[in-house]
2 protein chains.
Amino acid sequence: MSKTATTNDTRTPCELCPLRGKPSFREFDADELDFVSHFKRGELAVDAGATILVEGSHSAHLFTVLSGWAFRYKVLEDGRRQILNYVMPGDLLGLQGTIMGEMQHSVEALSPVTLCVFERDKLMTLYNRHASLAFDLTWIAAQEERILDEHLLSIGRRSALERAAYLLAYLHQRASAIELFSGRTVLPVTQQHIADTLGLSIVHTNKTLKKLAERKLIRWQERGCDVLDGQGLADLAEWNGISEGKRPFI
Amino acid sequence: MSKTATTNDTRTPCELCPLRGKPSFREFDADELDFVSHFKRGELAVDAGATILVEGSHSAHLFTVLSGWAFRYKVLEDGRRQILNYVMPGDLLGLQGTIMGEMQHSVEALSPVTLCVFERDKLMTLYNRHASLAFDLTWIAAQEERILDEHLLSIGRRSALERAAYLLAYLHQRASAIELFSGRTVLPVTQQHIADTLGLSIVHTNKTLKKLAERKLIRWQERGCDVLDGQGLADLAEWNGISEGKRPFI
DNA sequence: CGGCAACTTGAATTACTTCAAGCACGGTGG
DNA sequence: CCACCGTGCTTGAAGTAATTCAAGTTGCCG
């Protein structure tokens, strides 16, 4: 909350967007690129641990993550926290608040995060003039829905070991797809994050992770999880992975 | 699967759509109504218990529920089933398959269901010519995401009693909002459905429902659950309910 | 009448939580 | 330099919540 947050005028022009080159994202035509670069209002940089969006607030902006890791979560009144999903470069934040008024979840940075800031007011002109981008927004929302379906299946019906395996396979696969690892494949999460994602206590999470480590599927390091065998984790969880095709982003 | 499914040519014209009058849905202007009535290809009626969509299939169509109840679910290879959400009149089905190719969940009817069938191919013209409807589709997807967030919080972090209370309050509120009850407020589900939604065994679900009944919050009837005190259930689960405003539908 | 589907109940077992204590590490201030 | 926190990880033991097993009831349909 009281962490440093720096706003700059557009630093990285959309034409040079570092995400645009990556193989997993779809390309823009000149017209779309032109619109998005006007849609973009600036950039925001936050520290690890900072809160990016708060449940209940009326977010004035829409964000796309340029770099870093974050997570979406909800809390009950007595403090019980459920992590809903993880946020990585290319992901859109704040659509809910923009479309329906009030944010229904919070977002917190796991690492230093930089965000593109978009103007909420211009969203309607996106729908009026750029059908392909409008379609992309629906696509993004539908994709998030798909992921949440899988998480729900996991929390509701998988055992603790399967659940943990699914989560780590999922995170590893997503991070790999956008080349987020520079050599080492360490997920920047604590065991408390894992526990709050799986719906387990931290003690049981610790013991479960240890079992995965014994099977040589992961290794726990200072401040993170090193995935040694993503396919092995996916197999253990009976999970088929995410579709590979190109995905849109704004 | 082998249940009766009847397809007719457009029986109910969109101008006379029975949902259009209800207070919880937004109204269409003449232009939108005209487009949708051309977008609509026909109607489909299925029996209770019939499968409407199957995971893994390439659904050729998009549906809007006209009447009846259904549910979306996923299954693991060994048969464990997780119900993801319930489907009521006004809800859209098959967007995932239309937008991303393959359905990632199945849908089964809880009661006799009638559906409007839309042409997948014409979806792009919707985005090109009717920005307001395109926005509605994103809205619908974002809303579903919001609901799934709540379910995830519930399954992950609430106790069995709170979970059951949340689910029944949610179903009751949704059904009330679209006036789905004709006098009696009985949800057409079995305890197995409740169990597969909450991520609990059927035995424990039975004992949990009995506790809710002892508190006079619900009453279990032949073939369904009668909600006696929706607010009491919501309070027990620390749940604030769904936003009341008008919602779009296609 | 028999058979199936949905619900119920008690008892034994397992999975998971809570409590409690301790260790390793990094950062801060004396 | 060392004492001292605080955070994150680890471990064992006791307690609770939920599952599984097993059997029985009820109502409905052919």
# chains A, B, ... in the order shown; residues from 1 in each chain; ligands from 1
call {"tool": "select_by_dssp", "arguments": {"residues": "stretch 6-194 of chain A", "states": "strand (DSSP E)", "output": "PDB file with N, CA, C and O atoms, in the first residue's frame"}}
result
ATOM      1  N   THR A   6       5.624   4.373  -9.055  1.00  0.00           N
ATOM      2  CA  THR A   6       6.069   5.450  -9.913  1.00  0.00           C
ATOM      3  C   THR A   6       5.265   5.473 -11.199  1.00  0.00           C
ATOM      4  O   THR A   6       5.116   4.452 -11.851  1.00  0.00           O
ATOM      5  N   THR A   7       4.741   6.616 -11.567  1.00  0.00           N
ATOM      6  CA  THR A   7       4.065   6.742 -12.841  1.00  0.00           C
ATOM      7  C   THR A   7       4.919   7.595 -13.772  1.00  0.00           C
ATOM      8  O   THR A   7       5.412   8.643 -13.377  1.00  0.00           O
ATOM      9  N   ASN A   8       5.073   7.131 -14.981  1.00  0.00           N
ATOM     10  CA  ASN A   8       5.804   7.910 -15.975  1.00  0.00           C
ATOM     11  C   ASN A   8       4.894   8.149 -17.171  1.00  0.00           C
ATOM     12  O   ASN A   8       3.924   7.444 -17.358  1.00  0.00           O
ATOM     13  N   LYS A  40      -3.072   3.832 -24.713  1.00  0.00           N
ATOM     14  CA  LYS A  40      -2.142   3.768 -23.589  1.00  0.00           C
ATOM     15  C   LYS A  40      -1.863   5.158 -23.035  1.00  0.00           C
ATOM     16  O   LYS A  40      -1.589   6.090 -23.765  1.00  0.00           O
ATOM     17  N   ARG A  41      -1.933   5.246 -21.746  1.00  0.00           N
ATOM     18  CA  ARG A  41      -1.811   6.549 -21.130  1.00  0.00           C
ATOM     19  C   ARG A  41      -0.459   6.749 -20.444  1.00  0.00           C
ATOM     20  O   ARG A  41      -0.006   7.871 -20.255  1.00  0.00           O
ATOM     21  N   GLY A  42       0.150   5.662 -20.034  1.00  0.00           N
ATOM     22  CA  GLY A  42       1.434   5.778 -19.353  1.00  0.00           C
ATOM     23  C   GLY A  42       1.857   4.436 -18.794  1.00  0.00           C
ATOM     24  O   GLY A  42       1.283   3.407 -19.143  1.00  0.00           O
ATOM     25  N   GLU A  43       2.855   4.479 -17.952  1.00  0.00           N
ATOM     26  CA  GLU A  43       3.306   3.247 -17.329  1.00  0.00           C
ATOM     27  C   GLU A  43       3.345   3.407 -15.826  1.00  0.00           C
ATOM     28  O   GLU A  43       3.482   4.507 -15.305  1.00  0.00           O
ATOM     29  N   LEU A  44       3.222   2.277 -15.147  1.00  0.00           N
ATOM     30  CA  LEU A  44       3.232   2.274 -13.697  1.00  0.00           C
ATOM     31  C   LEU A  44       4.207   1.204 -13.247  1.00  0.00           C
ATOM     32  O   LEU A  44       4.195   0.093 -13.776  1.00  0.00           O
ATOM     33  N   ALA A  45       5.058   1.554 -12.283  1.00  0.00           N
ATOM     34  CA  ALA A  45       5.997   0.573 -11.742  1.00  0.00           C
ATOM     35  C   ALA A  45       5.748   0.414 -10.251  1.00  0.00           C
ATOM     36  O   ALA A  45       5.662   1.410  -9.540  1.00  0.00           O
ATOM     37  N   VAL A  46       5.591  -0.811  -9.788  1.00  0.00           N
ATOM     38  CA  VAL A  46       5.379  -1.041  -8.357  1.00  0.00           C
ATOM     39  C   VAL A  46       6.394  -2.049  -7.841  1.00  0.00           C
ATOM     40  O   VAL A  46       6.912  -2.868  -8.585  1.00  0.00           O
ATOM     41  N   THR A  51       0.283  -3.486  -3.416  1.00  0.00           N
ATOM     42  CA  THR A  51      -1.069  -3.808  -3.856  1.00  0.00           C
ATOM     43  C   THR A  51      -1.412  -2.994  -5.098  1.00  0.00           C
ATOM     44  O   THR A  51      -1.334  -1.765  -5.075  1.00  0.00           O
ATOM     45  N   ILE A  52      -1.775  -3.662  -6.163  1.00  0.00           N
ATOM     46  CA  ILE A  52      -2.025  -2.993  -7.442  1.00  0.00           C
ATOM     47  C   ILE A  52      -3.485  -2.580  -7.569  1.00  0.00           C
ATOM     48  O   ILE A  52      -3.804  -1.500  -8.036  1.00  0.00           O
ATOM     49  N   LEU A  53      -4.372  -3.459  -7.129  1.00  0.00           N
ATOM     50  CA  LEU A  53      -5.806  -3.161  -7.156  1.00  0.00           C
ATOM     51  C   LEU A  53      -6.435  -3.680  -5.874  1.00  0.00           C
ATOM     52  O   LEU A  53      -6.002  -4.697  -5.334  1.00  0.00           O
ATOM     53  N   HIS A  61      -8.639   2.711 -14.056  1.00  0.00           N
ATOM     54  CA  HIS A  61      -7.800   2.303 -15.171  1.00  0.00           C
ATOM     55  C   HIS A  61      -7.886   0.819 -15.482  1.00  0.00           C
ATOM     56  O   HIS A  61      -8.400   0.023 -14.710  1.00  0.00           O
ATOM     57  N   LEU A  62      -7.308   0.532 -16.619  1.00  0.00           N
ATOM     58  CA  LEU A  62      -7.165  -0.831 -17.091  1.00  0.00           C
ATOM     59  C   LEU A  62      -5.661  -1.019 -17.275  1.00  0.00           C
ATOM     60  O   LEU A  62      -4.976  -0.099 -17.716  1.00  0.00           O
ATOM     61  N   PHE A  63      -5.138  -2.194 -16.915  1.00  0.00           N
ATOM     62  CA  PHE A  63      -3.699  -2.402 -17.004  1.00  0.00           C
ATOM     63  C   PHE A  63      -3.346  -3.630 -17.836  1.00  0.00           C
ATOM     64  O   PHE A  63      -4.097  -4.605 -17.846  1.00  0.00           O
ATOM     65  N   THR A  64      -2.216  -3.558 -18.492  1.00  0.00           N
ATOM     66  CA  THR A  64      -1.603  -4.771 -19.016  1.00  0.00           C
ATOM     67  C   THR A  64      -0.243  -4.905 -18.367  1.00  0.00           C
ATOM     68  O   THR A  64       0.512  -3.921 -18.288  1.00  0.00           O
ATOM     69  N   VAL A  65       0.060  -6.104 -17.903  1.00  0.00           N
ATOM     70  CA  VAL A  65       1.351  -6.331 -17.254  1.00  0.00           C
ATOM     71  C   VAL A  65       2.451  -6.379 -18.312  1.00  0.00           C
ATOM     72  O   VAL A  65       2.353  -7.141 -19.277  1.00  0.00           O
ATOM     73  N   LEU A  66       3.452  -5.547 -18.130  1.00  0.00           N
ATOM     74  CA  LEU A  66       4.593  -5.540 -19.046  1.00  0.00           C
ATOM     75  C   LEU A  66       5.687  -6.476 -18.572  1.00  0.00           C
ATOM     76  O   LEU A  66       6.311  -7.174 -19.352  1.00  0.00           O
ATOM     77  N   SER A  67       5.936  -6.453 -17.270  1.00  0.00           N
ATOM     78  CA  SER A  67       6.951  -7.344 -16.713  1.00  0.00           C
ATOM     79  C   SER A  67       6.635  -7.636 -15.257  1.00  0.00           C
ATOM     80  O   SER A  67       5.979  -6.844 -14.590  1.00  0.00           O
ATOM     81  N   ALA A  70       2.403 -11.223 -10.466  1.00  0.00           N
ATOM     82  CA  ALA A  70       1.457 -10.770  -9.450  1.00  0.00           C
ATOM     83  C   ALA A  70       0.413 -11.866  -9.244  1.00  0.00           C
ATOM     84  O   ALA A  70       0.464 -12.912  -9.898  1.00  0.00           O
ATOM     85  N   PHE A  71      -0.510 -11.636  -8.307  1.00  0.00           N
ATOM     86  CA  PHE A  71      -1.610 -12.595  -8.143  1.00  0.00           C
ATOM     87  C   PHE A  71      -2.896 -11.875  -7.756  1.00  0.00           C
ATOM     88  O   PHE A  71      -2.872 -10.826  -7.116  1.00  0.00           O
ATOM     89  N   ARG A  72      -4.004 -12.466  -8.161  1.00  0.00           N
ATOM     90  CA  ARG A  72      -5.335 -11.984  -7.811  1.00  0.00           C
ATOM     91  C   ARG A  72      -5.830 -12.782  -6.615  1.00  0.00           C
ATOM     92  O   ARG A  72      -5.603 -13.985  -6.537  1.00  0.00           O
ATOM     93  N   TYR A  73      -6.529 -12.132  -5.670  1.00  0.00           N
ATOM     94  CA  TYR A  73      -7.021 -12.869  -4.509  1.00  0.00           C
ATOM     95  C   TYR A  73      -8.247 -12.215  -3.912  1.00  0.00           C
ATOM     96  O   TYR A  73      -8.558 -11.052  -4.190  1.00  0.00           O
ATOM     97  N   LYS A  74      -8.936 -12.968  -3.103  1.00  0.00           N
ATOM     98  CA  LYS A  74     -10.058 -12.476  -2.307  1.00  0.00           C
ATOM     99  C   LYS A  74      -9.829 -12.882  -0.860  1.00  0.00           C
ATOM    100  O   LYS A  74      -9.161 -13.885  -0.601  1.00  0.00           O
ATOM    101  N   VAL A  75     -10.388 -12.129   0.074  1.00  0.00           N
ATOM    102  CA  VAL A  75     -10.290 -12.507   1.480  1.00  0.00           C
ATOM    103  C   VAL A  75     -11.670 -12.498   2.133  1.00  0.00           C
ATOM    104  O   VAL A  75     -12.530 -11.700   1.776  1.00  0.00           O
ATOM    105  N   ARG A  81      -7.590 -16.140   3.189  1.00  0.00           N
ATOM    106  CA  ARG A  81      -7.306 -15.631   1.850  1.00  0.00           C
ATOM    107  C   ARG A  81      -7.337 -16.744   0.807  1.00  0.00           C
ATOM    108  O   ARG A  81      -6.814 -17.828   1.041  1.00  0.00           O
ATOM    109  N   GLN A  82      -7.937 -16.470  -0.334  1.00  0.00           N
ATOM    110  CA  GLN A  82      -7.887 -17.415  -1.446  1.00  0.00           C
ATOM    111  C   GLN A  82      -7.259 -16.734  -2.646  1.00  0.00           C
ATOM    112  O   GLN A  82      -7.771 -15.722  -3.136  1.00  0.00           O
ATOM    113  N   ILE A  83      -6.152 -17.281  -3.111  1.00  0.00           N
ATOM    114  CA  ILE A  83      -5.542 -16.777  -4.345  1.00  0.00           C
ATOM    115  C   ILE A  83      -6.294 -17.384  -5.519  1.00  0.00           C
ATOM    116  O   ILE A  83      -6.500 -18.600  -5.571  1.00  0.00           O
ATOM    117  N   LEU A  84      -6.732 -16.537  -6.440  1.00  0.00           N
ATOM    118  CA  LEU A  84      -7.598 -16.967  -7.534  1.00  0.00           C
ATOM    119  C   LEU A  84      -6.808 -17.358  -8.771  1.00  0.00           C
ATOM    120  O   LEU A  84      -7.113 -18.346  -9.430  1.00  0.00           O
ATOM    121  N   ASN A  85      -5.802 -16.542  -9.083  1.00  0.00           N
ATOM    122  CA  ASN A  85      -4.969 -16.851 -10.239  1.00  0.00           C
ATOM    123  C   ASN A  85      -3.716 -15.981 -10.196  1.00  0.00           C
ATOM    124  O   ASN A  85      -3.660 -15.006  -9.462  1.00  0.00           O
ATOM    125  N   TYR A  86      -2.746 -16.359 -11.002  1.00  0.00           N
ATOM    126  CA  TYR A  86      -1.506 -15.612 -11.076  1.00  0.00           C
ATOM    127  C   TYR A  86      -1.485 -14.771 -12.344  1.00  0.00           C
ATOM    128  O   TYR A  86      -2.117 -15.119 -13.336  1.00  0.00           O
ATOM    129  N   VAL A  87      -0.764 -13.677 -12.279  1.00  0.00           N
ATOM    130  CA  VAL A  87      -0.756 -12.695 -13.355  1.00  0.00           C
ATOM    131  C   VAL A  87       0.666 -12.548 -13.872  1.00  0.00           C
ATOM    132  O   VAL A  87       1.592 -12.364 -13.086  1.00  0.00           O
ATOM    133  N   LEU A  92      -4.163  -8.989 -18.693  1.00  0.00           N
ATOM    134  CA  LEU A  92      -4.951  -7.780 -18.513  1.00  0.00           C
ATOM    135  C   LEU A  92      -5.493  -7.733 -17.089  1.00  0.00           C
ATOM    136  O   LEU A  92      -5.932  -8.739 -16.552  1.00  0.00           O
ATOM    137  N   LEU A  93      -5.479  -6.539 -16.486  1.00  0.00           N
ATOM    138  CA  LEU A  93      -5.999  -6.369 -15.127  1.00  0.00           C
ATOM    139  C   LEU A  93      -7.030  -5.248 -15.082  1.00  0.00           C
ATOM    140  O   LEU A  93      -6.879  -4.249 -15.772  1.00  0.00           O
ATOM    141  N   SER A 106      -8.648  -8.338  -5.224  1.00  0.00           N
ATOM    142  CA  SER A 106      -7.458  -7.503  -5.124  1.00  0.00           C
ATOM    143  C   SER A 106      -6.331  -8.123  -5.930  1.00  0.00           C
ATOM    144  O   SER A 106      -6.388  -9.296  -6.296  1.00  0.00           O
ATOM    145  N   VAL A 107      -5.319  -7.316  -6.207  1.00  0.00           N
ATOM    146  CA  VAL A 107      -4.148  -7.807  -6.933  1.00  0.00           C
ATOM    147  C   VAL A 107      -2.897  -7.323  -6.223  1.00  0.00           C
ATOM    148  O   VAL A 107      -2.793  -6.142  -5.882  1.00  0.00           O
ATOM    149  N   GLU A 108      -1.952  -8.232  -6.004  1.00  0.00           N
ATOM    150  CA  GLU A 108      -0.702  -7.879  -5.312  1.00  0.00           C
ATOM    151  C   GLU A 108       0.497  -8.354  -6.122  1.00  0.00           C
ATOM    152  O   GLU A 108       0.477  -9.443  -6.700  1.00  0.00           O
ATOM    153  N   ALA A 109       1.535  -7.544  -6.127  1.00  0.00           N
ATOM    154  CA  ALA A 109       2.745  -7.866  -6.891  1.00  0.00           C
ATOM    155  C   ALA A 109       3.605  -8.889  -6.143  1.00  0.00           C
ATOM    156  O   ALA A 109       3.806  -8.776  -4.941  1.00  0.00           O
ATOM    157  N   VAL A 113       6.855  -5.020 -10.587  1.00  0.00           N
ATOM    158  CA  VAL A 113       5.963  -5.156 -11.736  1.00  0.00           C
ATOM    159  C   VAL A 113       5.876  -3.822 -12.474  1.00  0.00           C
ATOM    160  O   VAL A 113       5.784  -2.772 -11.852  1.00  0.00           O
ATOM    161  N   THR A 114       5.921  -3.872 -13.791  1.00  0.00           N
ATOM    162  CA  THR A 114       5.600  -2.672 -14.568  1.00  0.00           C
ATOM    163  C   THR A 114       4.341  -2.924 -15.376  1.00  0.00           C
ATOM    164  O   THR A 114       4.126  -4.032 -15.877  1.00  0.00           O
ATOM    165  N   LEU A 115       3.502  -1.888 -15.460  1.00  0.00           N
ATOM    166  CA  LEU A 115       2.190  -2.025 -16.089  1.00  0.00           C
ATOM    167  C   LEU A 115       1.965  -0.922 -17.106  1.00  0.00           C
ATOM    168  O   LEU A 115       2.349   0.228 -16.878  1.00  0.00           O
ATOM    169  N   CYS A 116       1.324  -1.263 -18.223  1.00  0.00           N
ATOM    170  CA  CYS A 116       0.791  -0.249 -19.121  1.00  0.00           C
ATOM    171  C   CYS A 116      -0.540   0.205 -18.544  1.00  0.00           C
ATOM    172  O   CYS A 116      -1.349  -0.611 -18.142  1.00  0.00           O
ATOM    173  N   VAL A 117      -0.761   1.509 -18.536  1.00  0.00           N
ATOM    174  CA  VAL A 117      -2.015   2.040 -18.019  1.00  0.00           C
ATOM    175  C   VAL A 117      -2.874   2.514 -19.191  1.00  0.00           C
ATOM    176  O   VAL A 117      -2.401   3.260 -20.053  1.00  0.00           O
ATOM    177  N   PHE A 118      -4.130   2.053 -19.220  1.00  0.00           N
ATOM    178  CA  PHE A 118      -5.024   2.459 -20.302  1.00  0.00           C
ATOM    179  C   PHE A 118      -6.164   3.298 -19.761  1.00  0.00           C
ATOM    180  O   PHE A 118      -6.536   3.187 -18.602  1.00  0.00           O
ATOM    181  N   GLU A 119      -6.728   4.106 -20.640  1.00  0.00           N
ATOM    182  CA  GLU A 119      -7.822   4.967 -20.230  1.00  0.00           C
ATOM    183  C   GLU A 119      -9.138   4.228 -20.321  1.00  0.00           C
ATOM    184  O   GLU A 119      -9.553   3.794 -21.387  1.00  0.00           O
ATOM    185  N   VAL A 186      12.641 -20.709 -11.576  1.00  0.00           N
ATOM    186  CA  VAL A 186      12.195 -20.588 -10.195  1.00  0.00           C
ATOM    187  C   VAL A 186      10.962 -19.685 -10.098  1.00  0.00           C
ATOM    188  O   VAL A 186      10.986 -18.536 -10.528  1.00  0.00           O
ATOM    189  N   LEU A 187       9.901 -20.239  -9.572  1.00  0.00           N
ATOM    190  CA  LEU A 187       8.681 -19.468  -9.384  1.00  0.00           C
ATOM    191  C   LEU A 187       8.820 -18.634  -8.114  1.00  0.00           C
ATOM    192  O   LEU A 187       9.135 -19.173  -7.051  1.00  0.00           O
TER     193      LEU A 187
END
call {"tool": "interface_residues", "arguments": {"of": "chain B", "to": "chain D", "cutoff": "10 Å", "atoms": "only C-alpha atoms (C1' of nucleotides)", "output": "number ranges by chain"}}
result
B: 159-160, 200-205, 222
call {"tool": "closest_atom_pairs", "arguments": {"of": "chain B", "to": "chain A", "cutoff": "6 Å", "atoms": "only C-alpha atoms", "output": "Markdown table"}}
result
| residue | atom | partner | partner_atom | distance |
| --- | --- | --- | --- | --- |
| B:Gln82 | CA | A:Leu153 | CA | 5.4 |
| B:Tyr127 | CA | A:Ala131 | CA | 5.1 |
| B:Asn128 | CA | A:Ala131 | CA | 5.2 |
| B:Ala131 | CA | A:Tyr127 | CA | 5.1 |
| B:Thr138 | CA | A:Thr138 | CA | 4.6 |
| B:Ala141 | CA | A:Ala141 | CA | 5.6 |
| B:Ala142 | CA | A:Ala141 | CA | 5.7 |
| B:Glu145 | CA | A:Glu145 | CA | 5.2 |
| B:Leu152 | CA | A:Leu152 | CA | 6.0 |
| B:Leu153 | CA | A:Gln82 | CA | 5.4 |
| B:Gly156 | CA | A:Gly199 | CA | 4.1 |
| B:Arg157 | CA | A:Gly199 | CA | 5.8 |
| B:Gly199 | CA | A:Gly156 | CA | 4.1 |
call {"tool": "closest_atom_pairs", "arguments": {"of": "chain C", "to": "chain A", "cutoff": "9 Å", "atoms": "only C-alpha atoms (C1' of nucleotides)", "output": "JSON lines"}}
result
{"residue": "C:DA15", "atom": "C1'", "partner": "A:Ala160", "partner_atom": "CA", "distance": 8.9}
{"residue": "C:DC16", "atom": "C1'", "partner": "A:His204", "partner_atom": "CA", "distance": 6.9}
{"residue": "C:DT17", "atom": "C1'", "partner": "A:Ser201", "partner_atom": "CA", "distance": 6.8}
call {"tool": "select_by_dssp", "arguments": {"residues": "stretch 151-220 of chain B", "states": "helix (DSSP H, G or I)", "output": "VMD selection string"}}
result
chain B and resid 151 to 157 160 to 177 191 to 198 202 to 214
call {"tool": "residues_around", "arguments": {"residues": "A:Arg174", "least_positions_apart": "6", "cutoff": "10 Å", "atoms": "only C-alpha atoms (C1' of nucleotides)", "output": "MDAnalysis selection string"}}
result
chainID A and resid 86:88 168 180 241:242
call {"tool": "write_last_selection", "arguments": {"atoms": "N, CA, C and O atoms", "output": "mmCIF file, in the first residue's frame"}}
result
data_model
loop_
_atom_site.group_PDB
_atom_site.id
_atom_site.type_symbol
_atom_site.label_atom_id
_atom_site.label_comp_id
_atom_site.auth_asym_id
_atom_site.auth_seq_id
_atom_site.Cartn_x
_atom_site.Cartn_y
_atom_site.Cartn_z
ATOM 1 N N TYR A 86 -2.746 -16.359 -11.002
ATOM 2 C CA TYR A 86 -1.506 -15.612 -11.076
ATOM 3 C C TYR A 86 -1.485 -14.771 -12.344
ATOM 4 O O TYR A 86 -2.117 -15.119 -13.336
ATOM 5 N N VAL A 87 -0.764 -13.677 -12.279
ATOM 6 C CA VAL A 87 -0.756 -12.695 -13.355
ATOM 7 C C VAL A 87 0.666 -12.548 -13.872
ATOM 8 O O VAL A 87 1.592 -12.364 -13.086
ATOM 9 N N MET A 88 0.828 -12.670 -15.176
ATOM 10 C CA MET A 88 2.159 -12.585 -15.786
ATOM 11 C C MET A 88 2.136 -11.615 -16.968
ATOM 12 O O MET A 88 1.064 -11.172 -17.377
ATOM 13 N N LEU A 168 1.727 -26.261 -9.852
ATOM 14 C CA LEU A 168 3.106 -25.979 -10.237
ATOM 15 C C LEU A 168 3.317 -26.243 -11.720
ATOM 16 O O LEU A 168 4.040 -25.500 -12.395
ATOM 17 N N LEU A 180 9.566 -16.400 -19.461
ATOM 18 C CA LEU A 180 9.751 -15.570 -18.279
ATOM 19 C C LEU A 180 10.978 -16.000 -17.480
ATOM 20 O O LEU A 180 11.481 -15.264 -16.657
ATOM 21 N N GLY A 241 -2.590 -29.616 -19.860
ATOM 22 C CA GLY A 241 -1.908 -28.389 -20.258
ATOM 23 C C GLY A 241 -2.820 -27.390 -20.946
ATOM 24 O O GLY A 241 -3.979 -27.673 -21.212
ATOM 25 N N ILE A 242 -2.280 -26.226 -21.192
ATOM 26 C CA ILE A 242 -3.040 -25.143 -21.816
ATOM 27 C C ILE A 242 -2.867 -25.233 -23.324
ATOM 28 O O ILE A 242 -1.860 -25.737 -23.808
#
